[in-house]
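Structure file model37.csv (CSV, C-alpha atoms) follows.
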```csv
chain,number,residue,atom,x,y,z
A,251,MET,CA,151.3,157.8,100.7
A,252,SER,CA,149.5,159.3,97.7
A,253,ILE,CA,147.1,162.1,98.5
A,254,SER,CA,144.3,162.6,96.0
A,255,LEU,CA,142.7,166.0,96.4
A,256,ARG,CA,140.1,167.3,93.9
A,257,ALA,CA,139.3,171.0,93.7
A,258,LEU,CA,135.7,171.9,93.1
A,259,GLY,CA,134.4,174.7,91.0
A,260,LEU,CA,137.6,175.2,89.0
A,261,ALA,CA,137.4,177.6,86.1
A,262,MET,CA,138.2,175.3,83.2
A,263,GLY,CA,138.5,177.8,80.5
A,264,ALA,CA,138.8,176.7,76.9
A,265,VAL,CA,140.2,173.2,76.4
A,266,ALA,CA,141.8,171.5,73.5
A,267,LEU,CA,141.5,167.8,72.6
A,268,THR,CA,144.2,165.5,71.4
A,269,SER,CA,143.8,163.2,68.4
A,270,LEU,CA,143.5,160.2,70.8
A,271,PRO,CA,140.3,158.1,70.8
A,272,ALA,CA,137.3,159.7,72.5
A,273,SER,CA,137.8,157.5,75.5
A,274,ALA,CA,141.4,158.8,76.0
A,275,GLN,CA,141.3,162.5,75.2
A,276,THR,CA,143.5,165.0,77.2
A,277,LYS,CA,142.0,168.3,78.0
A,278,VAL,CA,144.5,171.2,78.1
A,279,THR,CA,143.7,174.7,79.3
A,280,ASN,CA,144.2,177.9,77.3
A,281,GLU,CA,143.9,180.0,80.5
A,282,GLY,CA,146.8,182.4,81.2
A,283,ILE,CA,147.5,183.2,77.5
A,284,SER,CA,146.8,186.7,76.2
A,285,VAL,CA,148.1,188.8,73.4
A,286,ASN,CA,150.9,190.2,75.4
A,287,GLU,CA,151.4,187.8,78.3
A,288,ILE,CA,151.8,184.2,79.5
A,289,VAL,CA,151.1,183.5,83.2
A,290,ILE,CA,153.1,180.7,84.8
A,291,GLY,CA,152.9,179.5,88.4
A,292,THR,CA,155.2,177.9,90.9
A,293,HIS,CA,155.1,177.1,94.6
A,294,GLN,CA,158.4,176.9,96.5
A,295,ASP,CA,159.5,176.3,100.1
A,296,LEU,CA,160.4,179.9,101.1
A,297,SER,CA,160.0,179.5,104.8
A,298,GLY,CA,160.2,175.8,105.8
A,299,PRO,CA,162.8,173.1,106.2
A,300,ILE,CA,164.2,173.2,102.7
A,301,LYS,CA,164.1,176.9,102.0
A,302,VAL,CA,167.8,176.5,101.1
A,303,TRP,CA,166.3,174.9,98.0
A,304,GLY,CA,163.2,177.0,97.5
A,305,VAL,CA,164.7,180.4,97.7
A,306,PRO,CA,167.5,179.9,95.1
A,307,VAL,CA,165.2,177.9,92.8
A,308,SER,CA,162.8,180.8,92.8
A,309,ASN,CA,165.7,183.2,92.2
A,310,GLY,CA,166.9,181.2,89.2
A,311,MET,CA,163.3,181.2,87.8
A,312,LYS,CA,163.1,185.0,88.3
A,313,MET,CA,166.4,185.4,86.5
A,314,ALA,CA,165.2,183.4,83.6
A,315,VAL,CA,161.9,185.3,83.4
A,316,GLU,CA,163.8,188.6,83.4
A,317,GLU,CA,166.2,187.5,80.7
A,318,ILE,CA,163.4,186.2,78.4
A,319,ASN,CA,161.3,189.3,78.9
A,320,ALA,CA,164.3,191.6,78.3
A,321,THR,CA,164.7,190.1,74.8
A,322,GLY,CA,161.1,190.4,73.8
A,323,GLY,CA,159.5,187.5,75.6
A,324,ILE,CA,158.2,184.3,73.9
A,325,GLN,CA,156.8,185.1,70.4
A,326,GLY,CA,156.1,188.6,71.6
A,327,ARG,CA,154.5,187.6,74.9
A,328,LYS,CA,156.1,188.5,78.2
A,329,ILE,CA,156.1,186.0,81.1
A,330,LYS,CA,154.3,186.8,84.3
A,331,MET,CA,155.4,184.5,87.1
A,332,ILE,CA,153.1,183.8,90.2
A,333,LEU,CA,155.2,182.6,93.2
A,334,GLU,CA,153.7,181.1,96.3
A,335,ASP,CA,155.2,179.7,99.5
A,336,ASN,CA,154.4,176.0,100.2
A,337,GLY,CA,156.6,175.8,103.3
A,338,TYR,CA,157.4,172.1,102.2
A,339,ASP,CA,153.9,171.4,103.4
A,340,PRO,CA,151.4,169.4,101.3
A,341,LYS,CA,148.4,171.3,102.5
A,342,LYS,CA,150.0,174.6,101.6
A,343,GLY,CA,150.9,173.2,98.2
A,344,VAL,CA,147.3,172.4,97.6
A,345,LEU,CA,146.1,175.9,98.7
A,346,ALA,CA,148.7,177.6,96.6
A,347,SER,CA,147.8,175.5,93.5
A,348,GLN,CA,144.0,176.2,94.0
A,349,LYS,CA,144.7,179.9,94.2
A,350,MET,CA,146.9,179.9,91.1
A,351,VAL,CA,144.4,177.9,89.1
A,352,GLU,CA,141.2,179.6,90.2
A,353,ARG,CA,142.3,183.2,90.8
A,354,ASP,CA,145.5,183.7,88.8
A,355,LYS,CA,144.5,181.6,85.8
A,356,ILE,CA,148.0,180.1,85.2
A,357,PHE,CA,148.8,178.5,81.9
A,358,VAL,CA,151.3,176.0,83.4
A,359,MET,CA,152.8,175.1,86.8
A,360,ILE,CA,156.6,175.0,86.6
A,361,GLY,CA,159.1,173.8,89.2
A,362,SER,CA,156.8,173.1,92.2
A,363,MET,CA,159.0,172.3,95.2
A,364,GLY,CA,159.1,168.9,96.9
A,365,SER,CA,157.6,165.5,96.4
A,366,ALA,CA,154.8,165.7,99.0
A,367,PRO,CA,153.5,169.2,98.1
A,368,THR,CA,153.7,168.3,94.3
A,369,LEU,CA,151.9,165.0,94.7
A,370,ALA,CA,149.2,166.5,97.0
A,371,ALA,CA,148.3,169.2,94.5
A,372,GLN,CA,148.8,167.6,91.1
A,373,ASP,CA,145.1,166.5,90.7
A,374,ILE,CA,144.0,170.1,91.0
A,375,LEU,CA,146.2,170.9,87.9
A,376,PHE,CA,145.1,167.9,85.9
A,377,ASP,CA,141.4,168.6,86.6
A,378,ALA,CA,141.9,172.1,85.2
A,379,GLY,CA,144.0,170.9,82.2
A,380,VAL,CA,147.1,172.7,83.5
A,381,LEU,CA,150.5,171.2,82.6
A,382,GLN,CA,152.7,170.2,85.5
A,383,LEU,CA,156.3,170.9,84.2
A,384,PHE,CA,159.7,170.1,85.7
A,385,PRO,CA,158.8,169.9,89.5
A,386,LEU,CA,161.6,170.0,92.0
A,387,THR,CA,161.3,166.4,92.8
A,388,ALA,CA,162.5,163.5,90.7
A,389,ALA,CA,160.0,161.0,92.1
A,390,GLU,CA,158.5,158.6,89.5
A,391,PHE,CA,155.0,160.0,89.9
A,392,THR,CA,156.2,163.2,88.2
A,393,TYR,CA,156.8,161.6,84.8
A,394,LYS,CA,155.3,158.1,84.6
A,395,PHE,CA,151.8,158.1,83.3
A,396,ASP,CA,149.1,155.6,82.5
A,397,PRO,CA,147.9,155.9,78.9
A,398,ALA,CA,144.4,155.0,80.1
A,399,LYS,CA,144.4,158.1,82.3
A,400,PRO,CA,144.7,160.9,79.6
A,401,GLN,CA,145.1,163.8,82.1
A,402,GLU,CA,148.4,162.2,83.3
A,403,ARG,CA,149.9,163.2,80.0
A,404,LEU,CA,150.1,166.7,81.5
A,405,LYS,CA,153.2,165.9,83.6
A,406,PHE,CA,156.8,166.2,82.4
A,407,ASN,CA,160.1,166.1,84.3
A,408,ASN,CA,163.6,167.2,83.4
A,409,LEU,CA,165.4,166.2,86.6
A,410,LEU,CA,167.5,163.1,87.2
A,411,PRO,CA,165.0,160.5,88.7
A,412,TYR,CA,165.8,159.3,92.2
A,413,VAL,CA,165.3,155.6,91.4
A,414,ASP,CA,167.5,155.6,88.3
A,415,SER,CA,170.2,157.8,89.6
A,416,THR,CA,170.4,155.9,92.9
A,417,ARG,CA,170.7,152.7,91.0
A,418,ALA,CA,173.4,154.0,88.7
A,419,ALA,CA,175.5,155.6,91.4
A,420,LEU,CA,175.2,152.6,93.8
A,421,LYS,CA,176.1,150.1,91.0
A,422,TYR,CA,179.2,152.1,90.3
A,423,MET,CA,180.2,152.3,93.9
A,424,MET,CA,179.6,148.7,94.7
A,425,VAL,CA,181.5,147.4,91.6
A,426,SER,CA,184.4,149.9,91.8
A,427,LYS,CA,184.9,149.8,95.6
A,428,ASN,CA,183.9,146.2,96.2
A,429,PHE,CA,181.5,147.0,99.0
A,430,GLN,CA,179.7,144.0,100.6
A,431,LYS,CA,177.3,145.4,103.2
A,432,PRO,CA,175.3,148.3,101.8
A,433,CYS,CA,172.8,150.2,104.0
A,434,ILE,CA,170.4,153.1,103.6
A,435,MET,CA,169.0,155.9,105.7
A,436,HIS,CA,166.1,157.6,104.0
A,437,GLN,CA,163.5,160.3,104.6
A,438,ASP,CA,160.1,158.8,105.4
A,439,ASP,CA,158.1,160.3,102.4
A,440,GLU,CA,157.7,160.0,98.7
A,441,TYR,CA,161.2,161.3,98.0
A,442,GLY,CA,162.8,158.8,100.4
A,443,LYS,CA,160.7,156.0,99.1
A,444,ASN,CA,162.0,156.5,95.6
A,445,VAL,CA,165.6,156.5,96.9
A,446,LEU,CA,164.8,153.3,98.8
A,447,ASP,CA,163.3,151.8,95.7
A,448,GLY,CA,166.4,152.5,93.7
A,449,PHE,CA,168.6,151.0,96.5
A,450,THR,CA,166.4,147.9,96.8
A,451,GLN,CA,166.1,147.3,93.0
A,452,GLN,CA,169.8,147.6,92.4
A,453,LEU,CA,170.8,145.3,95.2
A,454,ALA,CA,168.2,142.7,93.9
A,455,ALA,CA,169.8,143.0,90.4
A,456,MET,CA,173.2,142.4,91.9
A,457,LYS,CA,171.9,139.6,94.2
A,458,VAL,CA,173.2,141.5,97.3
A,459,GLN,CA,171.4,141.7,100.7
A,460,ALA,CA,171.0,145.0,102.5
A,461,ALA,CA,172.8,145.0,105.8
A,462,SER,CA,170.5,147.7,107.3
A,463,VAL,CA,167.5,149.8,106.3
A,464,THR,CA,166.5,152.8,108.5
A,465,SER,CA,164.4,155.9,108.0
A,466,TYR,CA,163.6,159.2,109.7
A,467,LYS,CA,160.6,161.6,109.7
A,468,ARG,CA,160.7,164.6,107.4
A,469,GLY,CA,162.0,167.6,109.4
A,470,ALA,CA,163.9,165.4,112.0
A,471,SER,CA,167.2,166.7,113.4
A,472,ASP,CA,168.5,163.8,115.5
A,473,PHE,CA,169.9,160.8,113.7
A,474,SER,CA,171.8,159.2,116.5
A,475,ALA,CA,169.6,156.1,116.7
A,476,GLN,CA,169.8,155.5,112.9
A,477,VAL,CA,173.5,155.9,112.7
A,478,ALA,CA,174.2,153.8,115.8
A,479,LYS,CA,172.0,151.0,114.2
A,480,MET,CA,173.8,151.1,110.9
A,481,LYS,CA,177.2,151.0,112.6
A,482,SER,CA,176.1,148.0,114.7
A,483,ASP,CA,174.9,146.3,111.5
A,484,GLY,CA,178.4,146.6,110.1
A,485,CYS,CA,177.6,148.7,107.0
A,486,ASP,CA,180.5,149.5,104.7
A,487,ILE,CA,178.6,152.0,102.5
A,488,VAL,CA,175.5,154.1,103.5
A,489,VAL,CA,173.1,155.5,100.9
A,490,LEU,CA,171.6,158.7,102.1
A,491,GLY,CA,168.0,159.5,101.0
A,492,THR,CA,168.4,162.9,102.7
A,493,VAL,CA,168.4,166.6,101.8
A,494,ILE,CA,170.9,169.1,103.2
A,495,ARG,CA,170.8,169.4,107.0
A,496,GLU,CA,170.0,165.7,107.3
A,497,THR,CA,173.1,164.7,105.3
A,498,ILE,CA,175.3,166.9,107.5
A,499,GLY,CA,173.6,165.6,110.6
A,500,ALA,CA,174.0,161.9,109.8
A,501,MET,CA,177.7,162.3,108.8
A,502,THR,CA,178.4,164.5,111.9
A,503,GLU,CA,176.9,161.7,114.0
A,504,ALA,CA,179.1,159.1,112.4
A,505,LYS,CA,182.2,161.3,113.1
A,506,LYS,CA,181.2,161.5,116.8
A,507,LEU,CA,181.0,157.7,117.0
A,508,GLY,CA,184.4,157.4,115.3
A,509,TRP,CA,182.7,155.4,112.4
A,510,ASP,CA,184.7,155.6,109.2
A,511,VAL,CA,182.2,154.6,106.6
A,512,THR,CA,181.6,155.6,103.0
A,513,PHE,CA,178.5,157.7,102.4
A,514,LEU,CA,176.7,158.0,99.0
A,515,GLY,CA,174.0,160.7,98.8
A,516,ALA,CA,171.0,160.8,96.5
A,517,SER,CA,171.0,163.7,94.0
A,518,PRO,CA,169.5,166.3,96.4
A,519,THR,CA,172.6,166.1,98.5
A,520,ASN,CA,174.7,167.3,95.6
A,521,VAL,CA,174.5,171.0,96.4
A,522,LEU,CA,177.0,173.6,97.4
A,523,GLU,CA,175.5,174.0,100.9
A,524,VAL,CA,176.5,170.5,102.0
A,525,PRO,CA,180.3,171.1,101.9
A,526,THR,CA,179.9,174.8,102.8
A,527,LEU,CA,177.9,174.1,105.9
A,528,GLY,CA,179.1,170.6,106.7
A,529,LYS,CA,182.8,171.4,106.3
A,530,GLU,CA,185.1,168.5,107.6
A,531,ALA,CA,182.1,166.4,108.6
A,532,VAL,CA,181.1,165.8,104.9
A,533,GLU,CA,184.6,165.4,103.4
A,534,GLY,CA,184.6,162.3,101.2
A,535,LEU,CA,180.9,162.2,100.6
A,536,TYR,CA,179.9,160.8,97.2
A,537,ALA,CA,176.7,161.8,95.5
A,538,ALA,CA,174.6,161.1,92.4
A,539,SER,CA,174.4,164.1,90.1
A,540,LEU,CA,173.0,165.4,86.9
A,541,PHE,CA,175.7,168.0,86.0
A,542,GLU,CA,179.0,169.3,87.2
A,543,ILE,CA,178.6,172.1,89.7
A,544,PRO,CA,180.2,175.3,88.4
A,545,TYR,CA,182.4,177.5,90.6
A,546,GLU,CA,183.0,181.1,89.8
A,547,ASP,CA,186.8,180.9,89.8
A,548,THR,CA,186.8,178.0,87.3
A,549,ALA,CA,183.7,178.7,85.2
A,550,LYS,CA,184.0,180.0,81.6
A,551,GLY,CA,182.0,181.7,78.9
A,552,LYS,CA,178.2,181.8,79.3
A,553,VAL,CA,178.3,179.9,82.6
A,554,LYS,CA,180.8,182.4,84.1
A,555,ASP,CA,178.6,185.3,82.9
A,556,TRP,CA,175.6,183.6,84.4
A,557,ILE,CA,177.2,183.2,87.8
A,558,VAL,CA,178.4,186.8,87.9
A,559,ASN,CA,174.9,188.1,86.9
A,560,TYR,CA,173.2,185.9,89.5
A,561,LYS,CA,175.4,187.4,92.2
A,562,LYS,CA,174.7,190.9,91.0
A,563,MET,CA,170.9,190.3,91.1
A,564,PHE,CA,170.6,188.5,94.4
A,565,GLY,CA,173.7,189.4,96.4
A,566,THR,CA,174.6,185.7,97.0
A,567,GLU,CA,176.5,182.9,95.3
A,568,ALA,CA,174.8,180.9,92.6
A,569,ASN,CA,174.3,177.3,93.3
A,570,THR,CA,172.8,174.0,92.0
A,571,GLN,CA,169.3,174.9,93.0
A,572,ALA,CA,169.4,178.3,91.1
A,573,ILE,CA,170.6,176.5,88.0
A,574,ILE,CA,167.7,174.0,88.2
A,575,GLY,CA,165.2,176.8,88.7
A,576,TYR,CA,166.7,178.8,85.8
A,577,ASN,CA,166.7,175.8,83.5
A,578,ALA,CA,163.1,175.0,84.3
A,579,VAL,CA,161.9,178.3,82.9
A,580,MET,CA,164.3,178.2,80.0
A,581,THR,CA,163.1,174.8,79.1
A,582,PHE,CA,159.5,175.9,79.2
A,583,ALA,CA,160.4,178.9,77.0
A,584,PHE,CA,162.1,176.8,74.4
A,585,TYR,CA,159.1,174.5,73.9
A,586,ALA,CA,156.6,177.4,74.1
A,587,ASP,CA,158.5,179.2,71.4
A,588,LYS,CA,158.5,176.0,69.3
A,589,ALA,CA,154.7,175.9,69.7
A,590,GLY,CA,154.5,179.0,67.6
A,591,LYS,CA,152.9,182.4,67.8
A,592,ASP,CA,149.3,181.1,68.1
A,593,LEU,CA,150.1,179.4,71.4
A,594,THR,CA,147.5,177.1,72.9
A,595,GLY,CA,147.6,174.4,75.6
A,596,GLN,CA,147.3,171.7,72.9
A,597,LYS,CA,150.2,173.2,70.9
A,598,MET,CA,152.3,173.4,74.0
A,599,LEU,CA,151.7,169.7,74.7
A,600,ASP,CA,152.4,168.8,71.1
A,601,SER,CA,155.7,170.8,71.3
A,602,LEU,CA,156.8,169.1,74.4
A,603,GLU,CA,156.1,165.7,72.9
A,604,SER,CA,157.8,166.6,69.5
A,605,GLY,CA,161.2,165.1,70.3
A,606,GLU,CA,162.9,168.4,69.9
A,607,LYS,CA,166.1,168.7,72.0
A,608,PHE,CA,166.7,171.5,74.4
A,609,LEU,CA,170.4,172.1,75.4
A,610,ASP,CA,171.2,174.4,78.4
A,611,ILE,CA,174.4,176.4,78.9
A,612,PHE,CA,175.6,174.2,81.7
A,613,SER,CA,176.5,171.2,79.5
A,614,SER,CA,173.7,169.0,81.0
A,615,PRO,CA,172.5,166.0,79.0
A,616,ALA,CA,170.0,167.0,76.3
A,617,THR,CA,166.3,167.4,77.3
A,618,LYS,CA,164.0,165.4,75.0
A,619,PHE,CA,160.4,164.1,75.4
A,620,SER,CA,158.1,162.1,73.3
A,621,LYS,CA,154.4,161.0,73.3
A,622,THR,CA,155.4,157.9,75.4
A,623,ASP,CA,158.3,159.3,77.5
A,624,HIS,CA,157.9,162.4,79.6
A,625,LEU,CA,161.3,162.1,81.4
A,626,ALA,CA,164.1,164.1,79.9
A,627,ASN,CA,167.0,161.6,80.5
A,628,THR,CA,168.5,159.2,83.0
A,629,ILE,CA,172.3,159.8,82.6
A,630,THR,CA,174.0,160.0,86.0
A,631,GLN,CA,177.3,161.3,87.4
A,632,VAL,CA,179.0,160.5,90.6
A,633,GLN,CA,180.8,163.4,92.4
A,634,GLN,CA,182.7,163.6,95.7
A,635,VAL,CA,183.5,166.3,98.2
A,636,LYS,CA,187.2,166.9,98.2
A,637,GLY,CA,188.8,169.9,99.9
A,638,GLY,CA,185.3,171.5,100.4
A,639,ARG,CA,184.3,171.3,96.7
A,640,TRP,CA,182.3,168.8,94.6
A,641,VAL,CA,184.7,167.0,92.2
A,642,LEU,CA,183.6,164.8,89.3
A,643,VAL,CA,184.5,161.2,89.8
A,644,LYS,CA,182.6,159.4,87.0
A,645,ASP,CA,180.1,160.5,84.4
A,646,ASN,CA,177.8,158.9,81.8
A,647,LEU,CA,176.6,156.3,84.1
A,648,MET,CA,173.5,154.1,83.7
A,649,PHE,CA,172.4,151.2,85.8
```
Just give me the structure as structure tokens.
Amino acid sequence: MSISLRALGLAMGAVALTSLPASAQTKVTNEGISVNEIVIGTHQDLSGPIKVWGVPVSNGMKMAVEEINATGGIQGRKIKMILEDNGYDPKKGVLASQKMVERDKIFVMIGSMGSAPTLAAQDILFDAGVLQLFPLTAAEFTYKFDPAKPQERLKFNNLLPYVDSTRAALKYMMVSKNFQKPCIMHQDDEYGKNVLDGFTQQLAAMKVQAASVTSYKRGASDFSAQVAKMKSDGCDIVVLGTVIRETIGAMTEAKKLGWDVTFLGASPTNVLEVPTLGKEAVEGLYAASLFEIPYEDTAKGKVKDWIVNYKKMFGTEANTQAIIGYNAVMTFAFYADKAGKDLTGQKMLDSLESGEKFLDIFSSPATKFSKTDHLANTITQVQQVKGGRWVLVKDNLMF
């Protein structure tokens, strides 16, 4: 459910106006920009149920900031990153955002973690004219905007959207494997609702009825009732609107019941931790994905160097989450540089909407935005866990 929270007494700072009609002007802050520095903010889950996402994402962001600053910054300005812990809790996301807007005077919010914390806090940013860039949720509210609500122009996303990617991956699986009784188990929040919407929309387009729809509360650890129901309903493919431990838990439960069914995970399941922690229980899992997951022993060139450097910096293996965090800051830096030396909030917004393409080092689809489209792309892959590794099955998918 949408949570609308308005912060009182926000320091607005200087604002810039777009060339839209007076009734539809977007205010954009110039806070956080000085002669030598750009202040960016982020709130991650560093202590809660998805810290396996929040910690590497924040590491990837730190790595990008260090690289950018080591080469002179953005048009001579160094990046200062403010990091707060939201614990995957909407209330903490709100408090962190209020603190960063009011006290730290951030220029932009980048890569906020989770659908619920991001949704709860976004009005605080919009009221202050702070851009919400590339949050760690692909829910539709992070990029769809109403032209009649000018402050909604401040949101952009470069992740693969849950609705689109779920539709594309499910369509591929249904057609290529001839499944007849699709089911879904999804998290009972904004993220899970988006996966459910993709599932429902694609089945409607294919004129197929869902055999079973079941959900669980965020943070749950027992999925025996849900799995037993789906088995009883005769599902032949199960879409998982889950994260890491829930994916492993559901598939482990299926193994206990001796239920040999195909599982297709939404994009958050496509991370190294799932096969590493789930081991035999998750063998055969399919998942929607944005890019191929690099492994150190097979990576080459800049990607190989990046993996090695990440391990040196943080003493742990690089993963999907770290790549996403790294790319979030690198994408911001690309468009901030294009905005020019005289950086303002309005120039940053114009740069993002310019249609310029950003290409990362990981061979992801190009990032590109416009005045009417604030979503980078919708191209989907399907990968599968084979022998403990994610392997590409099919790429360049659309629904």
Separation of atom CA of Lys618 of chain A from atom CA of Val445 of chain A, in Å and rounded to one decimal: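 Taking atom CA of Lys618 of chain A and atom CA of Val445 of chain A, their separation equals 23.7 Å.
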Atom pair atom CA of Asn309 of chain A + atom CA of Leu642 of chain A, distance 25.8 Å
Taking into account all atoms listed in the file, which residue in the set A:Ala388, A:Ala583, A:Ala314, A:Val558 is nearest to Leu410 of chain A?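 When distances to Leu410 of chain A are compared using all atoms listed in the file, the smallest one comes from A:Ala388.
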Could you give me, as a list in words, the residues that sit within 9 Å of (173.4, 144.7, 106.2) in the file's coordinates, counting all atoms listed in the file?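 Using all atoms listed in the file, the matching residues come out as Gln430, Lys431, Pro432, Cys433, Gln459, Ala460, Ala461, Ser462, Val463, Met480, Asp483, Gly484, Cys485 and Asp486 of chain A.
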Ranking A:Gly469, A:Gly442, A:Gly326, A:Gly499 by minimum distance to Gly298 of chain A and counting all atoms listed in the file, which one comes first?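 Result for the nearest residue to Gly298 of chain A: A:Gly469.
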Just to confirm, what's the straight-line distance from atom CA of Ala578 of chain A to atom CA of Glu402 of chain A in Å (one decimal)? 19.5 Å
Option closest in space to Glu603 of chain A, from A:Glu440, A:Tyr576, A:Ser471, A:Arg403 [counting all atoms listed in the file]: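 So, comparing all the options, the nearest one is A:Arg403.
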Give me the box for segment 274-283 of chain A as AutoDock Vina command-line options, namely the centre and edge lengths in Å to one decimal of a box along x, y and z that holds every listed atom plus 5 Å on each side.
```
--center_x 144.4 --center_y 171.0 --center_z 78.2 --size_x 16.2 --size_y 34.4 --size_z 16.0
```
Please list, as a list in words, the residues that have an atom at most 9 Å away from (181.9, 165.3, 109.9) in the coordinates of this file, counting only C-alpha atoms.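 I get Ile498, Gly499, Ala500, Met501, Thr502, Glu503, Ala504, Lys505, Lys506, Gly528, Lys529, Glu530, Ala531, Val532 and Glu533 of chain A for the residues within 9 Å of that point.
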